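To keep things clear, I will list the structure first and then write my remarks on it.
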Amino acid sequence: MHRFKHWPIKVKITAILVVTSWVSLLAASAAFVVGEFFDYRKERVREGSTLAQFVALGCADILNLSPNPHGETEEFLKHLGVNKEVKLACVYVDGKIIAKYPSEWASDQFPPMSNSKDAHYAKDSLAFIWRRLPLTDPTKKNPALCLSMSLDWLNSRFWKSATTSGLVMVGSSLLAILISAKLQRIISKPILDLSSDAKEVSGKMDYSIRAKKHSNDEIGLLTDSFNEMLSQIQKRDAELLEARQAAEKANRAKSTFLSVMSHEMRTPLAAIISALEPILPEVNKQGPALWSEFLSICYRQARHMLNQINDILDISRIEAGKMSVTWMDAEVKEILEGGAMGGMPIFLRTNNNRFVLECPGDLGTMRTDVDKLRRCLINLLSNAGKFTKNGTVTLSVSRWAKDGSDWLTFQVRDTGKGMTQEELGRLFVPFSQASGSIGQKFGGHGLGLAITKDLCQRLGGDIRVESEPGKGSAFIIDLPAISAEQRTELPVSPIASSASAPLNEEGCVLVIDDDPEMRRLLGQLLQREGFHVELAASGLEGLQRARELRPKVITLDVLMPDIDGWAVLSQLKSDPDLASVPVVMITVWPESERAFALGVADYLSKPVDSQRLLATLKKYQLPPPANHALVVEDDPDMRSLLRQALQAADWAATAAENGKAALEQIARSPNTPALIILDLMMPVMDGFEFIAELQKNEKWRRIPVVVVSAKDLTIEDQRRLGGQVTEILKKGSFSREELLQSVRQTVRQLLPAKAIESGRKVEIRSV
Amino acid sequence: MSKILYIEDEEDNRIITSHRLIMAGHQVLLAEDTVEGIAKARADAPDLILMDLKIKDDETAGLEATRQLKADPKLRRIPVIAVTAFTEAEKRTESLRAGCDDHVVRPIDFPQLLKRIETLVTASRSALNQTSPFS
């Protein structure tokens with residue numbers, strides 16, 4: 001039965017019809033056979049009775065009249081032999097058999113005399129019929145005749161009709177199968193059609209398909225309901241799409257509104273701030289106290305308003321998940337002194353507070369989002385100023401190490417009224433859980449702190465607060481100098497990797513894009529990050545370049561005129577040499593599933609989020625943009641500055657205090673430095689001598705050298721420096737950015753083989 | 001000391017920013033719209049152009065002008081710094097894409113701007129004296 005459930009409906013219907021016809025036929029046959037059986041027996045008994053009647057009369061006559069009644073009766077009974085069905089017959093008088101047929105049988109083979117009544121019964125496939133004999137002699141008691149007829153023929157006839165019924169059943173079930181196979185379609189076809197329609201709808205997700213109605217019965221009703229359901233789904237889909245479009249439109253309108261509003265408010269504020277900034281120090285110094293005071297208020301309030309606008313924008317960005325972080329290396333000191341922080345002491349001068357900056361001399365650099373860090377600090381400082389009167393607001397910064405990585409702590413302390421435990425608990429509650437509408441939340445510091453916390457976490461750190469009522473509060477931000485996320489993207493050991501994976505064309509990124517602007521943008525972006533970039537303007541060119549260059553990573557546009565990105569991708573993936581090269585798809589079309597299915601490493605949609613692209617590329621562990629640099633410089637301050645600058649740009653920088661120490665270090669180290677930054681005027685061994693020593697060694701001769709010196713070079717000096725010096729920078733006249741820029745450019749120019757062979761010119765840069 | 005062309009439609013900004021640039025020792029040329037700006041870039045060969053992105057309610061005027069400048073072989077070496085009060089990260093991408101060499105957001109961090117001007121002017125001058133490493 002269990003298996004029956006899984007049969008197709010066609011088979012089920014046929015089976016039911018066949019079984020039903022079987023059962024009814026069986027019942028009919030049985031009834032027929034049984035009826036036949038009884039009919040025939042009755043017939044036989046009647047026939048026997050008639051015969052018995054005649055025989056009884058005959059026997060009675062003989063017994064009444066014959067002188068030898070016993071012998072004559074037996075003679076008479078012999079005539080029964082003509083009827084083969086008569087098996088035995090006997091005549092009883094006074095309880096004894098006086099005549100019997102067949103006469104040779106013994107008396108005990110005949111049934112005993114029971115009574116003298118007329119009767120008939122069947123026993124052992126024999127029908128027994130009893131008749132009284134009408135004798136005239138009353139002395140003869142209970143004269144009776146017993147006649148028995150065979151029922152064998154009846155039995156054989158029963159089996160015959162049973163066999164016939166069986167044959168009829170087989171024939172009829174075959175017929176039933178044939179007929180039901182045809183007829184089952186009346187029921188099964190509409191169901192099968194409906195089910196195939198349903199399958200098509202769900203398979204194609206096409207709700208515009210309608211099932212065909214065959215009849216007005218229950219299946220027709222089912223078809224109608226199914227179609228009605230499809231219409232409802234279609235209607236709902238349409239409504240959802242409409243609602244989504246409306247929501248997207250509203251969202252765009254909101255973004256546009258925020259953007260325009262912020263622009264329109266920032267423009268006049270920017271003008272006010274820009275106008276006040278240069279004159280404020282002058283007025284403070286020379287102008288009347290009242291002017292100075294009023295102008296300070298103007299400046300402070302303008303800054304405050306700008307902060308509020310930034311808060312609104314930040315909140316809406318956090319809400320929309322659009323807050324992005326721009327990582328850059330910066331001097332901590334510069335973060336504290338530049339930008340919005342530049343005017344800090346002035347715009348913090350509220351409530352007659354004193355502002356103190358506790359900041360040790362050397363805080364080094366950190367990799368962070370400078371603007372966002374400044375926003376956090378300004379938020380905390382303005383809060384502190386707002387809730388403190390006639391007190392002190394202190395910003396103290398310190399650098400410390402934990403588990404081998406550097407951290408920076410920014411602490412904003414005030415001498416204000418402090419907070420209770422209950423107030424502390426509510427401080428960083430995200431805005432979405434805070435009561436009241438956004439509009440009511442401004443002014444209070446809830447919004448600012450929620451943003452600050454979010455930003456701190458985005459920068460890889462966190463914020464905490466310590467406070468006691470009456471004793472003031474301290475807000476403490478801990479940030480990694482380089483966040484874990486950023487650090488993992490740097491090579492673990494730059495010196496080791498420089499030996500195993502020298503930066504050459506194998507380490508390049510191949511950009512395949514037909515849009516020249518996009519190529520330029522990606523090229524610039526990647527070069528700025530120190531990747532070696534090769535460009536290809538079409539799919540075919542891209543494939544060719546990929547085979548030549550064996551790039552480390554390929555970025556691939558989808559829509560290109562000659563062959564599209566998908567085709568390029570499948571060719572790349574079918575080339576055994578290139579199949580393992582990670583491919584980053586860049587496209588406007590959201591087909592990420594397809595892309596990943598085809599073996600794409602990552603997938604970015606236009607407009608390209610540069611941070612994400614860089615993070616993606618760094619995932620594939622490109623060789624470090626640069627590697628080991630040696631700084632040769634006698635002045636310790638300058639040495640440390642150069643080292644720091646190089647390290648901040650992901651270089652592994654070592655230092656030596658003069659030429660001799662440097663030579664020793666190069667000889668000792670297993671890795672030849674990729675670059676030497678060289679001062680010319682040094683004790684023990686100066687730069688000129690050092691260059692001359694380098695020239696003597698075949699291997700060292702190839703190391704590019706950037707000279708950093710305060711010395712004005714004569715023609716003779718330049719000749720002495722000769723072919724090895726790539727760049728000469730005059731000390732004191734360049735910025736860190738320029739040094740790094742020239743260092744990177746130098747390395748990038750030098751590393752491809754052709755550049756090394758083509759020789760180098762000495763260039764003096766006046767900077 | 002550099003010669004800076006400042007393309008800006010709003011008079012207040014022109015006055016304030018140009019004065020601050022002059023106070024920092026630069027020579028300033030002013031243009032009220034991009035047509036005038038491009039003409040002055042041709043005629044006066046500035047060292048650097050400060051380009052307001054939204055001019056006379058046209059948000060793309062500055063980008064369009066930058067594209068024109070960068071398409072002109074004689075002018076493309078002049079570095080362009082985009083100036084805008086829009087804070088969206090996409091605006092920065094847009095202006096770099098249009099060919100701007102840098103992008104600053106109002107209110108201008110003036111010391112920072114001066115540094116960037118110096119860096120770009122220095123780089124473009126040295127590029128004039130040598131062939132570009134990437135060309």
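By convention in this document, the chains of the structure tokens carry letters A, B, ... by their order, each chain's residues are numbered from 1, and ligands are numbered from 1 in the order they are shown.
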
Residue neighbourhood Leu540 (chain A), 8 Å, only C-alpha atoms, exclusion window fewer than 6 positions, as a list in words =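 Those residues are Asp562, Ile563 and Val568 of chain A.
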
request  = Residues of chain A near chain B: apply a cut-off of 6 Å, count only C-alpha atoms, and supply the list as a PyMOL selection string.
outcome  = chain A and resi 263+266-267+270-271+275+339+521

Just-selected residues, C-alpha atoms written as a compact mmCIF listing (two decimals), in the first residue's frame:
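Dumped to again-v2.txt:
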# COMPACT_ATOMS: atom_id res chain seq x y z
CA HIS A 263 26.53 71.73 0.47
CA ARG A 266 28.69 74.28 4.30
CA THR A 267 29.44 76.80 1.58
CA ALA A 270 33.25 77.61 4.93
CA ALA A 271 33.41 81.20 3.78
CA ALA A 275 37.51 84.58 6.43
CA GLY A 339 42.53 70.54 9.85
CA LEU A 521 41.63 55.95 -12.77

remark   = Pairwise distance, CA of Val412 (chain A) with CA of Val393 (chain A), equals 7.0 Å

inquiry  = I'd like the interatomic distance between CA of Lys212 (chain A) and CA of Ser188 (chain A), to a tenth of an Å.
reply    =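 Taking CA of Lys212 (chain A) and CA of Ser188 (chain A), their separation equals 13.8 Å.
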
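If only C-alpha atoms are the atoms counted, then among B:Asp52, B:Glu32, B:Glu8, B:Asp44 the closest residue to Leu75 (chain B) is B:Asp44.
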
query = Looking only at the backbone, which of the residues in region 171-334 of chain A does DSSP tag as strand (DSSP E or B), as JSON, numbers by chain?
reply = {"A": [328, 329, 330, 331]}

Filtering to N, CA, C and O atoms, could you give me those residues as an mmCIF file, in the first residue's frame?
data_model
loop_
_atom_site.group_PDB
_atom_site.id
_atom_site.type_symbol
_atom_site.label_atom_id
_atom_site.label_comp_id
_atom_site.auth_asym_id
_atom_site.auth_seq_id
_atom_site.Cartn_x
_atom_site.Cartn_y
_atom_site.Cartn_z
ATOM 1 N N MET A 328 45.106 56.346 5.757
ATOM 2 C CA MET A 328 46.349 56.974 5.299
ATOM 3 C C MET A 328 47.330 57.056 6.463
ATOM 4 O O MET A 328 46.936 57.019 7.633
ATOM 5 N N ASP A 329 48.589 57.147 6.094
ATOM 6 C CA ASP A 329 49.607 57.288 7.126
ATOM 7 C C ASP A 329 49.760 58.759 7.448
ATOM 8 O O ASP A 329 49.812 59.587 6.555
ATOM 9 N N ALA A 330 49.797 59.083 8.716
ATOM 10 C CA ALA A 330 49.945 60.495 9.078
ATOM 11 C C ALA A 330 50.702 60.594 10.391
ATOM 12 O O ALA A 330 50.659 59.692 11.229
ATOM 13 N N GLU A 331 51.382 61.713 10.551
ATOM 14 C CA GLU A 331 52.041 62.005 11.822
ATOM 15 C C GLU A 331 50.943 62.286 12.835
ATOM 16 O O GLU A 331 50.021 63.052 12.568
#

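Distances here use only C-alpha atoms; by that measure, the residue among A:Arg317, A:Asp557, A:Met305, A:Thr365 closest to Ser382 (chain A) is A:Met305.
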
query = Residues at most 8 Å from Thr34 (chain B), counting only C-alpha atoms, excluding those fewer than 6 positions away in the same chain, as a PyMOL selection string?
reply = chain B and resi 7+55+61-62+65

query = Just how far from CA of Gly404 (chain A) is CA of Asp362 (chain A), in Å to one decimal?
reply = 18.7 Å

ask   = Excluding same-chain residues fewer than 3 positions from Ala71 (chain B), what lies within 12 Å of it counting only C-alpha atoms, as a ChimeraX atom specification?
value = /A:517 /B:38,64-68,74-78,98-100

inquiry  = Can you tell me, as a list in words, which residues in region 64-107 of chain A count as helix (DSSP H, G or I) by DSSP?
reply    = Asn64, Leu65, Pro69, His70, Gly71, Glu72, Thr73, Glu74, Glu75, Phe76, Leu77, Lys78, His79, Leu80, Gly81, Val82 and Ser107 of chain A

Write to file, as a PDB file, in the first residue's frame, the residues of the selection just made, with C-alpha atoms.
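The resulting file, result_18.pdb, is reproduced below:
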ATOM      1  CA  ASN A  64     -49.942 -55.902  -3.183  1.00  0.00           C
ATOM      2  CA  LEU A  65     -50.528 -58.329  -5.987  1.00  0.00           C
ATOM      3  CA  PRO A  69     -43.312 -59.959  -4.082  1.00  0.00           C
ATOM      4  CA  HIS A  70     -39.628 -59.828  -2.944  1.00  0.00           C
ATOM      5  CA  GLY A  71     -38.150 -61.356  -6.085  1.00  0.00           C
ATOM      6  CA  GLU A  72     -40.369 -59.369  -8.400  1.00  0.00           C
ATOM      7  CA  THR A  73     -39.685 -56.121  -6.586  1.00  0.00           C
ATOM      8  CA  GLU A  74     -35.979 -56.677  -6.953  1.00  0.00           C
ATOM      9  CA  GLU A  75     -36.524 -57.517 -10.649  1.00  0.00           C
ATOM     10  CA  PHE A  76     -38.482 -54.324 -10.975  1.00  0.00           C
ATOM     11  CA  LEU A  77     -35.769 -52.275  -9.321  1.00  0.00           C
ATOM     12  CA  LYS A  78     -33.241 -53.536 -11.832  1.00  0.00           C
ATOM     13  CA  HIS A  79     -34.973 -51.418 -14.450  1.00  0.00           C
ATOM     14  CA  LEU A  80     -33.520 -48.439 -12.675  1.00  0.00           C
ATOM     15  CA  GLY A  81     -30.208 -49.400 -14.343  1.00  0.00           C
ATOM     16  CA  VAL A  82     -31.236 -47.395 -17.440  1.00  0.00           C
ATOM     17  CA  SER A 107     -27.628 -54.754   3.084  1.00  0.00           C
TER      18      SER A 107
END

ask   = Can you list, as a ChimeraX atom specification, every protein, DNA or RNA residue that comes within 6 Å of Leu50 (chain B) when you count only C-alpha atoms, leaving out same-chain residues fewer than 4 positions away?
value = /B:6,80-81

Write a file of the selected residues as a short mmCIF file (atom, residue, chain, number, x, y, z; two decimals), in the first residue's frame, keeping all heavy atoms.
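Okay, this is what ended up in part.cif:
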data_model
loop_
_atom_site.label_atom_id
_atom_site.label_comp_id
_atom_site.auth_asym_id
_atom_site.auth_seq_id
_atom_site.Cartn_x
_atom_site.Cartn_y
_atom_site.Cartn_z
N TYR B 6 42.47 80.65 -9.87
CA TYR B 6 41.36 80.21 -9.02
C TYR B 6 40.05 80.42 -9.78
O TYR B 6 39.68 81.55 -10.09
CB TYR B 6 41.41 81.01 -7.72
CG TYR B 6 40.35 80.61 -6.70
CD1 TYR B 6 39.84 79.32 -6.65
CD2 TYR B 6 39.88 81.54 -5.77
CE1 TYR B 6 38.88 78.98 -5.71
CE2 TYR B 6 38.93 81.20 -4.82
CZ TYR B 6 38.43 79.91 -4.80
OH TYR B 6 37.49 79.57 -3.88
N VAL B 80 45.56 70.35 -11.25
CA VAL B 80 44.26 70.92 -10.89
C VAL B 80 43.86 70.37 -9.53
O VAL B 80 43.90 69.16 -9.30
CB VAL B 80 43.19 70.53 -11.94
CG1 VAL B 80 41.82 71.05 -11.52
CG2 VAL B 80 43.57 71.04 -13.32
N ILE B 81 43.50 71.27 -8.62
CA ILE B 81 42.96 70.83 -7.33
C ILE B 81 41.47 71.17 -7.30
O ILE B 81 41.09 72.32 -7.49
CB ILE B 81 43.66 71.51 -6.15
CG1 ILE B 81 45.17 71.18 -6.16
CG2 ILE B 81 43.04 71.08 -4.82
CD1 ILE B 81 45.93 71.77 -4.99
#

Who sits within 12 Å of Lys10 (chain A), only C-alpha atoms, same chain under 6 positions skipped, as a list in words = Phe4, Ile16, Leu17, Ile177, Ser180, Ala181, Lys182, Leu183, Gln184, Arg185, Ile186, Ile187, Ser188, Lys189, Pro190, Ile191 and Leu192 of chain A

Selection above as a file: N, CA, C and O atoms, as a PDB file, in the first residue's frame:
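File result_10.pdb, as written:
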ATOM      1  N   PHE A   4       2.078   1.998  -3.317  1.00  0.00           N
ATOM      2  CA  PHE A   4       0.982   2.474  -4.158  1.00  0.00           C
ATOM      3  C   PHE A   4       0.903   4.005  -4.165  1.00  0.00           C
ATOM      4  O   PHE A   4       0.623   4.623  -5.178  1.00  0.00           O
ATOM      5  N   ILE A  16      -7.134   0.961  -9.947  1.00  0.00           N
ATOM      6  CA  ILE A  16      -8.406   0.980  -9.215  1.00  0.00           C
ATOM      7  C   ILE A  16      -9.520   0.410 -10.093  1.00  0.00           C
ATOM      8  O   ILE A  16     -10.326  -0.427  -9.665  1.00  0.00           O
ATOM      9  N   LEU A  17      -9.537   0.826 -11.369  1.00  0.00           N
ATOM     10  CA  LEU A  17     -10.588   0.342 -12.267  1.00  0.00           C
ATOM     11  C   LEU A  17     -10.498  -1.172 -12.443  1.00  0.00           C
ATOM     12  O   LEU A  17     -11.515  -1.879 -12.392  1.00  0.00           O
ATOM     13  N   ILE A 177      -8.367  -3.149 -18.322  1.00  0.00           N
ATOM     14  CA  ILE A 177      -7.122  -2.363 -18.420  1.00  0.00           C
ATOM     15  C   ILE A 177      -7.167  -1.498 -19.669  1.00  0.00           C
ATOM     16  O   ILE A 177      -6.881  -0.297 -19.638  1.00  0.00           O
ATOM     17  N   SER A 180      -9.825   1.217 -19.164  1.00  0.00           N
ATOM     18  CA  SER A 180      -9.467   2.219 -18.148  1.00  0.00           C
ATOM     19  C   SER A 180      -8.265   3.031 -18.587  1.00  0.00           C
ATOM     20  O   SER A 180      -8.156   4.217 -18.275  1.00  0.00           O
ATOM     21  N   ALA A 181      -7.355   2.393 -19.352  1.00  0.00           N
ATOM     22  CA  ALA A 181      -6.209   3.154 -19.858  1.00  0.00           C
ATOM     23  C   ALA A 181      -6.694   4.330 -20.698  1.00  0.00           C
ATOM     24  O   ALA A 181      -6.106   5.409 -20.692  1.00  0.00           O
ATOM     25  N   LYS A 182      -7.772   4.100 -21.408  1.00  0.00           N
ATOM     26  CA  LYS A 182      -8.337   5.190 -22.209  1.00  0.00           C
ATOM     27  C   LYS A 182      -9.099   6.166 -21.313  1.00  0.00           C
ATOM     28  O   LYS A 182      -8.963   7.384 -21.438  1.00  0.00           O
ATOM     29  N   LEU A 183      -9.891   5.597 -20.417  1.00  0.00           N
ATOM     30  CA  LEU A 183     -10.819   6.438 -19.666  1.00  0.00           C
ATOM     31  C   LEU A 183     -10.146   7.242 -18.547  1.00  0.00           C
ATOM     32  O   LEU A 183     -10.617   8.316 -18.190  1.00  0.00           O
ATOM     33  N   GLN A 184      -9.032   6.685 -18.008  1.00  0.00           N
ATOM     34  CA  GLN A 184      -8.396   7.386 -16.882  1.00  0.00           C
ATOM     35  C   GLN A 184      -7.979   8.797 -17.276  1.00  0.00           C
ATOM     36  O   GLN A 184      -7.865   9.681 -16.444  1.00  0.00           O
ATOM     37  N   ARG A 185      -7.778   9.009 -18.565  1.00  0.00           N
ATOM     38  CA  ARG A 185      -7.341  10.341 -19.018  1.00  0.00           C
ATOM     39  C   ARG A 185      -8.360  11.418 -18.678  1.00  0.00           C
ATOM     40  O   ARG A 185      -8.004  12.568 -18.484  1.00  0.00           O
ATOM     41  N   ILE A 186      -9.611  11.015 -18.651  1.00  0.00           N
ATOM     42  CA  ILE A 186     -10.639  12.011 -18.338  1.00  0.00           C
ATOM     43  C   ILE A 186     -10.326  12.673 -17.000  1.00  0.00           C
ATOM     44  O   ILE A 186     -10.482  13.865 -16.828  1.00  0.00           O
ATOM     45  N   ILE A 187      -9.825  11.856 -16.059  1.00  0.00           N
ATOM     46  CA  ILE A 187      -9.520  12.403 -14.737  1.00  0.00           C
ATOM     47  C   ILE A 187      -8.070  12.854 -14.646  1.00  0.00           C
ATOM     48  O   ILE A 187      -7.759  13.941 -14.179  1.00  0.00           O
ATOM     49  N   SER A 188      -7.175  11.985 -15.152  1.00  0.00           N
ATOM     50  CA  SER A 188      -5.764  12.277 -14.896  1.00  0.00           C
ATOM     51  C   SER A 188      -5.227  13.412 -15.756  1.00  0.00           C
ATOM     52  O   SER A 188      -4.381  14.158 -15.319  1.00  0.00           O
ATOM     53  N   LYS A 189      -5.695  13.572 -16.958  1.00  0.00           N
ATOM     54  CA  LYS A 189      -5.086  14.571 -17.831  1.00  0.00           C
ATOM     55  C   LYS A 189      -5.154  15.990 -17.245  1.00  0.00           C
ATOM     56  O   LYS A 189      -4.138  16.682 -17.191  1.00  0.00           O
ATOM     57  N   PRO A 190      -6.362  16.425 -16.809  1.00  0.00           N
ATOM     58  CA  PRO A 190      -6.383  17.777 -16.236  1.00  0.00           C
ATOM     59  C   PRO A 190      -5.441  17.912 -15.039  1.00  0.00           C
ATOM     60  O   PRO A 190      -4.783  18.943 -14.880  1.00  0.00           O
ATOM     61  N   ILE A 191      -5.335  16.832 -14.223  1.00  0.00           N
ATOM     62  CA  ILE A 191      -4.448  16.913 -13.059  1.00  0.00           C
ATOM     63  C   ILE A 191      -2.997  16.986 -13.513  1.00  0.00           C
ATOM     64  O   ILE A 191      -2.216  17.817 -13.046  1.00  0.00           O
ATOM     65  N   LEU A 192      -2.656  16.113 -14.494  1.00  0.00           N
ATOM     66  CA  LEU A 192      -1.271  16.124 -14.984  1.00  0.00           C
ATOM     67  C   LEU A 192      -0.940  17.461 -15.628  1.00  0.00           C
ATOM     68  O   LEU A 192       0.144  18.014 -15.423  1.00  0.00           O
TER      69      LEU A 192
END

Residue neighbourhood Leu51 (chain A), 9 Å, only C-alpha atoms, exclusion window fewer than 5 positions, as a list in words = Arg46, Ala56 and Leu147 of chain A
